[in-house]
6 protein chains.
Amino acid sequence: MKTVVVRNIARADADVVKRLGALGASTVHEAYGRFGLMKPYIRPVWAGGEAAGTAVTVLAQPGDNWMLHVAVEQCRPGDMLVVGCTTDNTDGMFGDLLATSLMARGVTGLIIDAGCRDVKSLREMGFPVWSKAISAKGTVKATLGAVNVPVVCAGINVRPGDAIVADDDGVVVIRKMDAAEVAIRGEKRQADEEGKRKQLASGVLGLDMYKMREPLAKAGLVYVDEPEAD
Amino acid sequence: MKTVVVRNIARADADVVKRLGALGASTVHEAYGRFGLMKPYIRPVWAGGEAAGTAVTVLAQPGDNWMLHVAVEQCRPGDMLVVGCTTDNTDGMFGDLLATSLMARGVTGLIIDAGCRDVKSLREMGFPVWSKAISAKGTVKATLGAVNVPVVCAGINVRPGDAIVADDDGVVVIRKMDAAEVAIRGEKRQADEEGKRKQLASGVLGLDMYKMREPLAKAGLVYVDEPEAD
Amino acid sequence: MKTVVVRNIARADADVVKRLGALGASTVHEAYGRFGLMKPYIRPVWAGGEAAGTAVTVLAQPGDNWMLHVAVEQCRPGDMLVVGCTTDNTDGMFGDLLATSLMARGVTGLIIDAGCRDVKSLREMGFPVWSKAISAKGTVKATLGAVNVPVVCAGINVRPGDAIVADDDGVVVIRKMDAAEVAIRGEKRQADEEGKRKQLASGVLGLDMYKMREPLAKAGLVYVDEPEAD
Amino acid sequence: MKTVVVRNIARADADVVKRLGALGASTVHEAYGRFGLMKPYIRPVWAGGEAAGTAVTVLAQPGDNWMLHVAVEQCRPGDMLVVGCTTDNTDGMFGDLLATSLMARGVTGLIIDAGCRDVKSLREMGFPVWSKAISAKGTVKATLGAVNVPVVCAGINVRPGDAIVADDDGVVVIRKMDAAEVAIRGEKRQADEEGKRKQLASGVLGLDMYKMREPLAKAGLVYVDEPEAD
Amino acid sequence: MKTVVVRNIARADADVVKRLGALGASTVHEAYGRFGLMKPYIRPVWAGGEAAGTAVTVLAQPGDNWMLHVAVEQCRPGDMLVVGCTTDNTDGMFGDLLATSLMARGVTGLIIDAGCRDVKSLREMGFPVWSKAISAKGTVKATLGAVNVPVVCAGINVRPGDAIVADDDGVVVIRKMDAAEVAIRGEKRQADEEGKRKQLASGVLGLDMYKMREPLAKAGLVYVDEPEAD
Amino acid sequence: MKTVVVRNIARADADVVKRLGALGASTVHEAYGRFGLMKPYIRPVWAGGEAAGTAVTVLAQPGDNWMLHVAVEQCRPGDMLVVGCTTDNTDGMFGDLLATSLMARGVTGLIIDAGCRDVKSLREMGFPVWSKAISAKGTVKATLGAVNVPVVCAGINVRPGDAIVADDDGVVVIRKMDAAEVAIRGEKRQADEEGKRKQLASGVLGLDMYKMREPLAKAGLVYVDEPEAD
């Protein structure tokens, strides 16, 4: 790793990112062909938070949040900070002071493959964070990492400027070049779902609505009336 | 596994199931001799949900929710869907569209030994789910499983028609044949607990109320006044 | 282990403990030189609870809460119960009846390196618990342990009378002899943070406020304007 | 659970079980339609052990091996002991004394959803064990469980008399009624594999041997000669 | 924590430690009333290693092995190094160079609540290590910890000079003051076991040898001849 | 993800890769500035295996090894197969038939972020595999993935043609462009270590050899002769 800060990165289009955020993580993930989802151990530190933004990436050493302070300066309104870590770590590398600084710059949220603290303050401030752990353990500022290089965060390779969508269902990463197309597909998908929801609520079975009966029979599904002997 | 759907299963008595639900998972589990509790990794996707019902069981392939759609048709008012999986998996195999369909049929909740998504919608709809993970990862509809065969879910063998009680403390499975007796024992237990609670709140010690002092002394417990040298 | 109950333990000063509680786990942990934090798998069973107190310690056998009943008698107003376990265990060794008893004695909360149940009641009663798991699994009362001996709980050695501070960020243990000094340092730290928070909120960068630019350059950090070839 | 010992259980045919053992866990699991495999956290305590047998089942309390002593008497030559546990537990519930007793009765191995100890002696005795953990932690003999009732072990429901096949690849459970058919299918499978192995060793590609090229093309697979822009 | 090195610690008696080592971890753990066993995630990095010694303790920062180098000087023949860590960490903080240095000083083994590397060399050198993980990840030498203060290692509080016994079954810690008595009890236990082993090998049942039939009947165990209806 | 197979990828230089392999994972990882190490949950399926090679990458669906068969054709002598998976999975996606095919093409080993089976045969064949799990669970051949696209495997982003070094200490990934420089640095490091090893074996302390006494004193380390009061 070079201990480098890359400035002036290209970012996914801001309007597209907003549209992706309106769709939510599950719909975007489907529309992206079911790729780009971080592992489910990344969870919101307070329930109900939602955010979308363009990634400013940080590669940090375990238990050291020096590069997060460096990264703040590289953030613009509409960005999200995405922090990968060189070793598995649960220390509380992010808290309410850094959140105050990020909010002052218009950052919409933070994803960290490590720990977070000051959870109560973050909830009160309304700053959403997705992390691997919650821990009061503070950090040192001793070793360099990098800002705006590709980082692996919770199993996904994130490039600077990628679009991020995060909510209670998880965190999805969409590459810059794919963002616009995914937004279009997701909106179509969402429109389709509204109609389906109404049908299902009225009692129509998915078996019929999705026309599954024939393929199920072909695949060999058998219905029997008697409970099988156990 | 036979790729079979068993129709018209025998179910635990609906009134008994309601009485079990009123007792809650912890009391029912005690009344059942401390058996039938799913492993504690099964957690509610939103806090405060409570449900009881008769099990319609699904054996699903990892990342494939085809059999959940098949199972909906087999559900009646008062049922709960219980989903086991052939391999450890955290994909979001259940979401708000399936929940809409289940609510339309009077199903009271879902237990899944895999992942769930659309958590925010499920909370707003008031449909309670207990799962192993929360994940936006959607699923395919490609491989058959089975409906209403015995399945292992979170370490417990569930038979179709068994009584299920689930709340913030976990998920308990009571076999059909045992349900009535467990309800009676649980209600007795609950009545006893009310009296105990009042005594304890007034400052009576459990040591005295449960008459523990003599057995403790017999078992060899010693009281010393000085802190032990560390 | 001797199956012993130690009475009349020395406790950290009650006023100091209150001041520590007002600071919260993260600030106290920082002020303590980043020591004394339990592993982050210990989590509150309901969000938002906060407690501070002096430790009454319990060493329990897995799946056996007999010694918790014994420990209640040793508790005074302002104490917290801290339960270590001889083997990894997730059974629900603590519930609302024991909580009723502890509240009647003025105990402020419970930390348990095992499971807890009756979560809904505990939330309604306002009794805060930090545990490793939530489980309806009840326990027997069959084997002796000890009360008020040093116990390891979630990776930290806790001595009777130590100060405990617990909130959404985790659980910190401060030795009796260190409590007063940590309170002073923590209060100074908190006062400093208020000023920093205001500066950061106004848009001052941490890089400038903490004077990091020079040490970062010395450590070799390089800024580049072009995105690196990936 | 009834605290019961069931005597004179029906067992899978001994010759069929030997044939299944000769096939090994992976081939048997394939031949059984990929069902019946215990979760992969169950591992051999010493590498290279292999065993097959008919299940004598034990339901034990955590940290209590009383029922294992009871179960020994129910074992016959060619049996394997399969131990489920009412709670997750890693205590060393099985060691070389019990192994000595089981070997004296012709038992071929043990599967335990908990811990094992005396690993060095077991290796020297040549008695194979598959367990969830290795732990010196001994156990009490205080609470009843059951022998020869259905138990869930590592995610699989095991009935008394079921056939068990275990080796370095894991542990497979085959229901009594299915054992003969699975043996036939597995032997056919094994014969087929020999021919395939020779072809592959000579350099024939699986793509050609399995005739995969056409279905891959139909599914949409594209070959490109240039590395994709990253 | 004070960043201190304590010299000239008192140690458990060397002869007693040798006798404990000859008994092995499981027998010592039983003889110690089933206390002092580290959590089973601590495993030997190569199978078959055995060691006993007096503890020289290290409290290290995650990913920093500076204090291990400091601790070497404090070691005498017959010591074992026991390393606790301030945060969960799997980095390879110990390798063959440090092992060379420890062997030169007569140290018999190492226990580390973090990672180890150079596993192949360690096996060839015959230096036994018990660790939480194996990882090539090297470490820095940047932050102070302490040597010969009490440390928590894998859930057990270890004091300088305590006796350590480690083998394939795990790691047991015996306090200085208890070591002699535990050795005596363990040797008696071992002698008893030899007689039992012979009886069991000859086919005597544990049920009879341990006279369990009466207490089992009293506890309510029932034998039935017919398989229960499943 | 495009369902694409990229042919004729550029590879790290074969001689450089051999030199890296001779150094081993730990030395290479150090020489690479401590980057590129896969998470330590990736372990060899048999101890003592060692391999180095150029990466042919596979992105596979969970429980589906179709793309492994496709990837074989793209392998050349000196390659290693590196398999990432779209969801966490432990199924045995690789076994001895595929290994036979890979050996016929001169492939030196396999890394898979999922399960492996036929462990005994692989050991006998001498084909080294590093995996997340061992599992008899076989797989289907139903869904497309990709070959020779960048994949995340055990937390590391692997590009086609990257150099891989794997042994008992873990798996390190070195980017093509960095391989030559890392080999040079690693060889220098290895030469230095030989001299150090001799000094340490003769009893020279690391404290002196590395000249640590002064920086330790500066950092504030204090030596005391009396054991601290505990």
# chains A, B, ... in the order shown; residues from 1 in each chain; ligands from 1
call {"tool": "closest_atom_pairs", "arguments": {"of": "chain D", "to": "chain B", "cutoff": "9 Å", "atoms": "only C-alpha atoms", "output": "tab-separated table"}}
result
residue	atom	partner	partner_atom	distance
D:Met1	CA	B:Phe35	CA	6.6
D:Tyr32	CA	B:Met1	CA	8.5
D:Gly33	CA	B:Met1	CA	7.3
D:Arg34	CA	B:Thr86	CA	8.7
D:Phe35	CA	B:Met1	CA	6.9
D:Gly36	CA	B:Thr86	CA	8.9
D:Leu37	CA	B:Thr86	CA	8.9
D:Lys39	CA	B:Thr87	CA	7.8
D:Thr86	CA	B:Phe35	CA	7.2
D:Thr87	CA	B:Lys39	CA	7.6
D:Asp88	CA	B:Lys39	CA	7.8
D:Val151	CA	B:Asn157	CA	8.2
D:Val152	CA	B:Gly155	CA	6.3
D:Cys153	CA	B:Gly155	CA	7.7
D:Ala154	CA	B:Gly155	CA	7.4
D:Gly155	CA	B:Gly155	CA	5.4
D:Ile156	CA	B:Val152	CA	6.6
D:Asn157	CA	B:Asn157	CA	6.5
call {"tool": "write_last_selection", "arguments": {"atoms": "C-alpha atoms", "output": "PDB file, in the first residue's frame"}}
result
ATOM      1  CA  MET D   1     -38.463 -34.752  26.877  1.00  0.00           C
ATOM      2  CA  TYR D  32     -28.399 -39.548  -0.779  1.00  0.00           C
ATOM      3  CA  GLY D  33     -29.382 -36.542  -2.899  1.00  0.00           C
ATOM      4  CA  ARG D  34     -27.136 -34.244  -0.827  1.00  0.00           C
ATOM      5  CA  PHE D  35     -29.132 -34.662   2.387  1.00  0.00           C
ATOM      6  CA  GLY D  36     -28.213 -35.815   5.847  1.00  0.00           C
ATOM      7  CA  LEU D  37     -24.863 -34.032   6.262  1.00  0.00           C
ATOM      8  CA  LYS D  39     -22.942 -28.987   9.795  1.00  0.00           C
ATOM      9  CA  THR D  86     -29.996 -29.339  24.955  1.00  0.00           C
ATOM     10  CA  THR D  87     -27.864 -26.168  24.813  1.00  0.00           C
ATOM     11  CA  ASP D  88     -24.759 -25.118  22.896  1.00  0.00           C
ATOM     12  CA  VAL D 151     -32.000 -36.026  18.703  1.00  0.00           C
ATOM     13  CA  VAL D 152     -30.787 -33.069  16.673  1.00  0.00           C
ATOM     14  CA  CYS D 153     -27.003 -33.274  16.315  1.00  0.00           C
ATOM     15  CA  ALA D 154     -25.158 -30.527  14.391  1.00  0.00           C
ATOM     16  CA  GLY D 155     -28.306 -29.563  12.538  1.00  0.00           C
ATOM     17  CA  ILE D 156     -29.469 -33.048  11.553  1.00  0.00           C
ATOM     18  CA  ASN D 157     -32.295 -35.019  13.127  1.00  0.00           C
TER      19      ASN D 157
END
call {"tool": "residues_around", "arguments": {"residues": "region 115-128 of chain E", "least_positions_apart": "3", "cutoff": "8 Å", "atoms": "only C-alpha atoms", "output": "PyMOL selection string"}}
result
(chain E and resi 44-46+49-51+89-96+99+103+108-110+112+131-137) or (chain F and resi 26+48+168-169)
call {"tool": "atom_distance", "arguments": {"atom1": "CA of Ala180 (chain C)", "atom2": "CA of Ile9 (chain C)"}}
result
18.2 Å
call {"tool": "residues_around", "arguments": {"residues": "Ala25 (chain F)", "least_positions_apart": "6", "cutoff": "8 Å", "atoms": "only C-alpha atoms", "output": "PyMOL selection string"}}
result
(chain E and resi 136) or (chain F and resi 165-167+169-172)
call {"tool": "residues_around", "arguments": {"residues": "region 213-217 of chain E", "least_positions_apart": "3", "cutoff": "12 Å", "atoms": "only C-alpha atoms", "output": "list in words"}}
result
Thr3, Val4, Val5, Trp66, Met67, His69, Val70, Glu73, Lys141, Ala142, Thr143, Leu144, Gly145 and Ala146 of chain D; Leu205, Gly206, Leu207, Asp208, Met209, Tyr210, Gly220, Leu221, Val222 and Tyr223 of chain E
call {"tool": "atom_distance", "arguments": {"atom1": "CA of Leu81 (chain B)", "atom2": "CA of Val56 (chain B)"}}
result
5.0 Å
call {"tool": "atom_distance", "arguments": {"atom1": "CA of Val129 (chain E)", "atom2": "CA of Gly53 (chain E)"}}
result
12.7 Å
call {"tool": "select_by_dssp", "arguments": {"residues": "region 19-120 of chain A", "states": "helix (DSSP H, G or I)", "output": "PyMOL selection string"}}
result
chain A and resi 19-23+25-31+66-72+96-104+119-120
call {"tool": "write_last_selection", "arguments": {"atoms": "C-alpha atoms", "output": "short mmCIF file (atom, residue, chain, number, x, y, z; two decimals), in the first residue's frame"}}
result
data_model
loop_
_atom_site.label_atom_id
_atom_site.label_comp_id
_atom_site.auth_asym_id
_atom_site.auth_seq_id
_atom_site.Cartn_x
_atom_site.Cartn_y
_atom_site.Cartn_z
CA ARG A 19 -32.47 8.00 -7.01
CA LEU A 20 -30.64 4.87 -5.89
CA GLY A 21 -31.07 5.93 -2.27
CA ALA A 22 -34.81 6.35 -2.76
CA LEU A 23 -34.99 2.73 -3.95
CA ALA A 25 -30.62 -1.41 -0.57
CA SER A 26 -32.74 -4.47 -1.37
CA THR A 27 -34.23 -3.12 -4.58
CA VAL A 28 -30.89 -1.72 -5.75
CA HIS A 29 -29.20 -5.02 -5.03
CA GLU A 30 -31.78 -6.91 -7.08
CA ALA A 31 -31.51 -4.38 -9.88
CA TRP A 66 -5.59 8.85 11.93
CA MET A 67 -6.59 8.42 8.28
CA LEU A 68 -10.24 9.14 9.07
CA HIS A 69 -9.20 12.63 10.15
CA VAL A 70 -7.25 12.97 6.92
CA ALA A 71 -10.20 11.76 4.87
CA VAL A 72 -12.63 14.37 6.21
CA ASP A 96 -19.46 11.74 17.64
CA LEU A 97 -16.62 14.24 17.16
CA LEU A 98 -15.74 12.83 13.75
CA ALA A 99 -19.46 12.66 12.97
CA THR A 100 -19.81 16.36 13.83
CA SER A 101 -17.01 17.13 11.40
CA LEU A 102 -18.50 14.99 8.63
CA MET A 103 -21.97 16.52 9.06
CA ALA A 104 -20.41 19.96 8.76
CA VAL A 119 -23.93 5.33 19.61
CA LYS A 120 -26.41 7.32 21.66
#
call {"tool": "select_by_dssp", "arguments": {"residues": "region 53-219 of chain C", "states": "strand (DSSP E or B)", "output": "MDAnalysis selection string"}}
result
chainID C and resid 53:60 64 79:85 92 109:116 129:134 140 146:147 151:153 156:158 163:167 170:174
call {"tool": "write_last_selection", "arguments": {"atoms": "N, CA and C atoms", "output": "tab-separated table (two decimals), in the first residue's frame"}}
result
chain	number	residue	atom	x	y	z
C	53	GLY	N	-22.20	1.53	38.89
C	53	GLY	CA	-22.36	0.96	40.23
C	53	GLY	C	-21.08	0.29	40.68
C	54	THR	N	-21.14	-0.25	41.90
C	54	THR	CA	-20.01	-0.99	42.44
C	54	THR	C	-20.30	-2.47	42.31
C	55	ALA	N	-19.26	-3.22	41.92
C	55	ALA	CA	-19.47	-4.61	41.53
C	55	ALA	C	-19.66	-5.54	42.72
C	56	VAL	N	-20.78	-6.26	42.72
C	56	VAL	CA	-20.90	-7.50	43.48
C	56	VAL	C	-20.72	-8.60	42.45
C	57	THR	N	-19.72	-9.46	42.66
C	57	THR	CA	-19.37	-10.43	41.63
C	57	THR	C	-19.93	-11.82	41.94
C	58	VAL	N	-20.25	-12.54	40.87
C	58	VAL	CA	-20.76	-13.90	40.99
C	58	VAL	C	-19.98	-14.80	40.02
C	59	LEU	N	-19.53	-15.93	40.51
C	59	LEU	CA	-18.99	-16.96	39.62
C	59	LEU	C	-20.02	-18.08	39.58
C	60	ALA	N	-20.60	-18.29	38.40
C	60	ALA	CA	-21.70	-19.25	38.26
C	60	ALA	C	-21.29	-20.41	37.36
C	64	ASP	N	-26.89	-22.59	35.50
C	64	ASP	CA	-27.25	-22.72	36.92
C	64	ASP	C	-27.19	-21.32	37.55
C	79	ASP	N	-25.09	-0.80	43.97
C	79	ASP	CA	-24.29	-1.91	43.43
C	79	ASP	C	-24.76	-2.29	42.03
C	80	MET	N	-23.87	-2.97	41.29
C	80	MET	CA	-24.25	-3.69	40.07
C	80	MET	C	-23.80	-5.14	40.24
C	81	LEU	N	-24.58	-6.07	39.70
C	81	LEU	CA	-24.20	-7.47	39.77
C	81	LEU	C	-23.41	-7.81	38.51
C	82	VAL	N	-22.25	-8.46	38.68
C	82	VAL	CA	-21.40	-8.85	37.55
C	82	VAL	C	-21.19	-10.36	37.62
C	83	VAL	N	-21.65	-11.05	36.58
C	83	VAL	CA	-21.68	-12.51	36.61
C	83	VAL	C	-20.71	-13.10	35.59
C	84	GLY	N	-19.71	-13.81	36.06
C	84	GLY	CA	-18.85	-14.62	35.20
C	84	GLY	C	-19.30	-16.06	35.25
C	85	CYS	N	-18.87	-16.84	34.27
C	85	CYS	CA	-19.38	-18.20	34.12
C	85	CYS	C	-18.19	-19.13	33.89
C	92	GLY	N	-30.47	-18.47	29.56
C	92	GLY	CA	-31.07	-17.27	30.15
C	92	GLY	C	-31.04	-17.35	31.68
C	109	GLY	N	-28.09	-2.29	37.94
C	109	GLY	CA	-28.04	-3.00	36.67
C	109	GLY	C	-27.29	-4.31	36.83
C	110	LEU	N	-27.22	-5.08	35.74
C	110	LEU	CA	-26.56	-6.39	35.77
C	110	LEU	C	-25.75	-6.61	34.50
C	111	ILE	N	-24.56	-7.20	34.69
C	111	ILE	CA	-23.69	-7.59	33.57
C	111	ILE	C	-23.52	-9.10	33.67
C	112	ILE	N	-23.79	-9.83	32.59
C	112	ILE	CA	-23.69	-11.29	32.67
C	112	ILE	C	-23.02	-11.85	31.42
C	113	ASP	N	-22.00	-12.65	31.62
C	113	ASP	CA	-21.26	-13.28	30.52
C	113	ASP	C	-21.95	-14.59	30.15
C	114	ALA	N	-23.24	-14.49	29.91
C	114	ALA	CA	-24.09	-15.63	29.54
C	114	ALA	C	-25.38	-15.02	29.00
C	115	GLY	N	-26.51	-15.74	29.12
C	115	GLY	CA	-27.75	-15.25	28.54
C	115	GLY	C	-28.68	-14.58	29.54
C	116	CYS	N	-29.67	-13.87	29.00
C	116	CYS	CA	-30.69	-13.15	29.78
C	116	CYS	C	-32.04	-13.42	29.13
C	129	VAL	N	-29.70	-4.42	31.54
C	129	VAL	CA	-28.87	-5.62	31.58
C	129	VAL	C	-27.97	-5.63	30.34
C	130	TRP	N	-26.73	-6.01	30.55
C	130	TRP	CA	-25.80	-6.24	29.44
C	130	TRP	C	-25.44	-7.72	29.47
C	131	SER	N	-25.62	-8.41	28.33
C	131	SER	CA	-25.40	-9.85	28.32
C	131	SER	C	-24.73	-10.28	27.02
C	132	LYS	N	-24.35	-11.55	26.98
C	132	LYS	CA	-23.73	-12.14	25.79
C	132	LYS	C	-24.80	-12.66	24.84
C	133	ALA	N	-25.97	-12.98	25.37
C	133	ALA	CA	-27.01	-13.56	24.54
C	133	ALA	C	-28.36	-13.29	25.19
C	134	ILE	N	-29.41	-13.44	24.38
C	134	ILE	CA	-30.78	-13.44	24.88
C	134	ILE	C	-31.32	-14.83	24.63
C	140	VAL	N	-31.12	-24.39	36.18
C	140	VAL	CA	-31.33	-25.14	37.40
C	140	VAL	C	-30.68	-24.40	38.57
C	146	ALA	N	-19.49	-19.01	43.57
C	146	ALA	CA	-18.97	-18.14	44.61
C	146	ALA	C	-19.52	-16.73	44.42
C	147	VAL	N	-19.51	-15.96	45.49
C	147	VAL	CA	-19.95	-14.56	45.44
C	147	VAL	C	-18.84	-13.68	46.01
C	151	VAL	N	-13.69	-12.37	39.35
C	151	VAL	CA	-14.19	-13.20	38.25
C	151	VAL	C	-13.78	-12.55	36.93
C	152	VAL	N	-13.57	-13.40	35.91
C	152	VAL	CA	-13.35	-12.88	34.57
C	152	VAL	C	-14.71	-12.81	33.88
C	153	CYS	N	-15.07	-11.62	33.41
C	153	CYS	CA	-16.35	-11.42	32.71
C	153	CYS	C	-16.05	-10.75	31.38
C	156	ILE	N	-12.45	-9.43	31.02
C	156	ILE	CA	-11.90	-8.49	32.00
C	156	ILE	C	-11.99	-9.11	33.39
C	157	ASN	N	-10.91	-8.98	34.17
C	157	ASN	CA	-10.92	-9.46	35.54
C	157	ASN	C	-11.62	-8.41	36.42
C	158	VAL	N	-12.71	-8.80	37.05
C	158	VAL	CA	-13.47	-7.88	37.89
C	158	VAL	C	-13.31	-8.27	39.35
C	163	ALA	N	-15.55	-0.26	40.28
C	163	ALA	CA	-16.58	0.58	39.66
C	163	ALA	C	-16.89	0.09	38.25
C	164	ILE	N	-18.18	0.09	37.92
C	164	ILE	CA	-18.65	-0.37	36.60
C	164	ILE	C	-19.41	0.78	35.94
C	165	VAL	N	-19.13	1.05	34.68
C	165	VAL	CA	-19.90	2.03	33.90
C	165	VAL	C	-20.36	1.34	32.63
C	166	ALA	N	-21.66	1.39	32.35
C	166	ALA	CA	-22.20	0.65	31.20
C	166	ALA	C	-23.24	1.49	30.48
C	167	ASP	N	-23.16	1.49	29.16
C	167	ASP	CA	-24.20	2.14	28.34
C	167	ASP	C	-24.19	1.48	26.96
C	170	GLY	N	-20.88	-0.02	25.65
C	170	GLY	CA	-20.22	-1.17	26.26
C	170	GLY	C	-20.08	-1.03	27.77
C	171	VAL	N	-19.23	-1.87	28.34
C	171	VAL	CA	-19.09	-1.95	29.79
C	171	VAL	C	-17.61	-1.78	30.17
C	172	VAL	N	-17.34	-0.80	31.06
C	172	VAL	CA	-15.97	-0.53	31.50
C	172	VAL	C	-15.85	-0.81	32.98
C	173	VAL	N	-14.73	-1.44	33.36
C	173	VAL	CA	-14.46	-1.78	34.76
C	173	VAL	C	-13.27	-0.95	35.24
C	174	ILE	N	-13.45	-0.22	36.36
C	174	ILE	CA	-12.38	0.60	36.91
C	174	ILE	C	-12.07	0.09	38.31
call {"tool": "closest_residue", "arguments": {"among": "C:Asn148, C:Ala14, C:Thr139, C:Gly186", "to": "Asp225 (chain B)", "atoms": "only C-alpha atoms"}}
result
C:Asn148
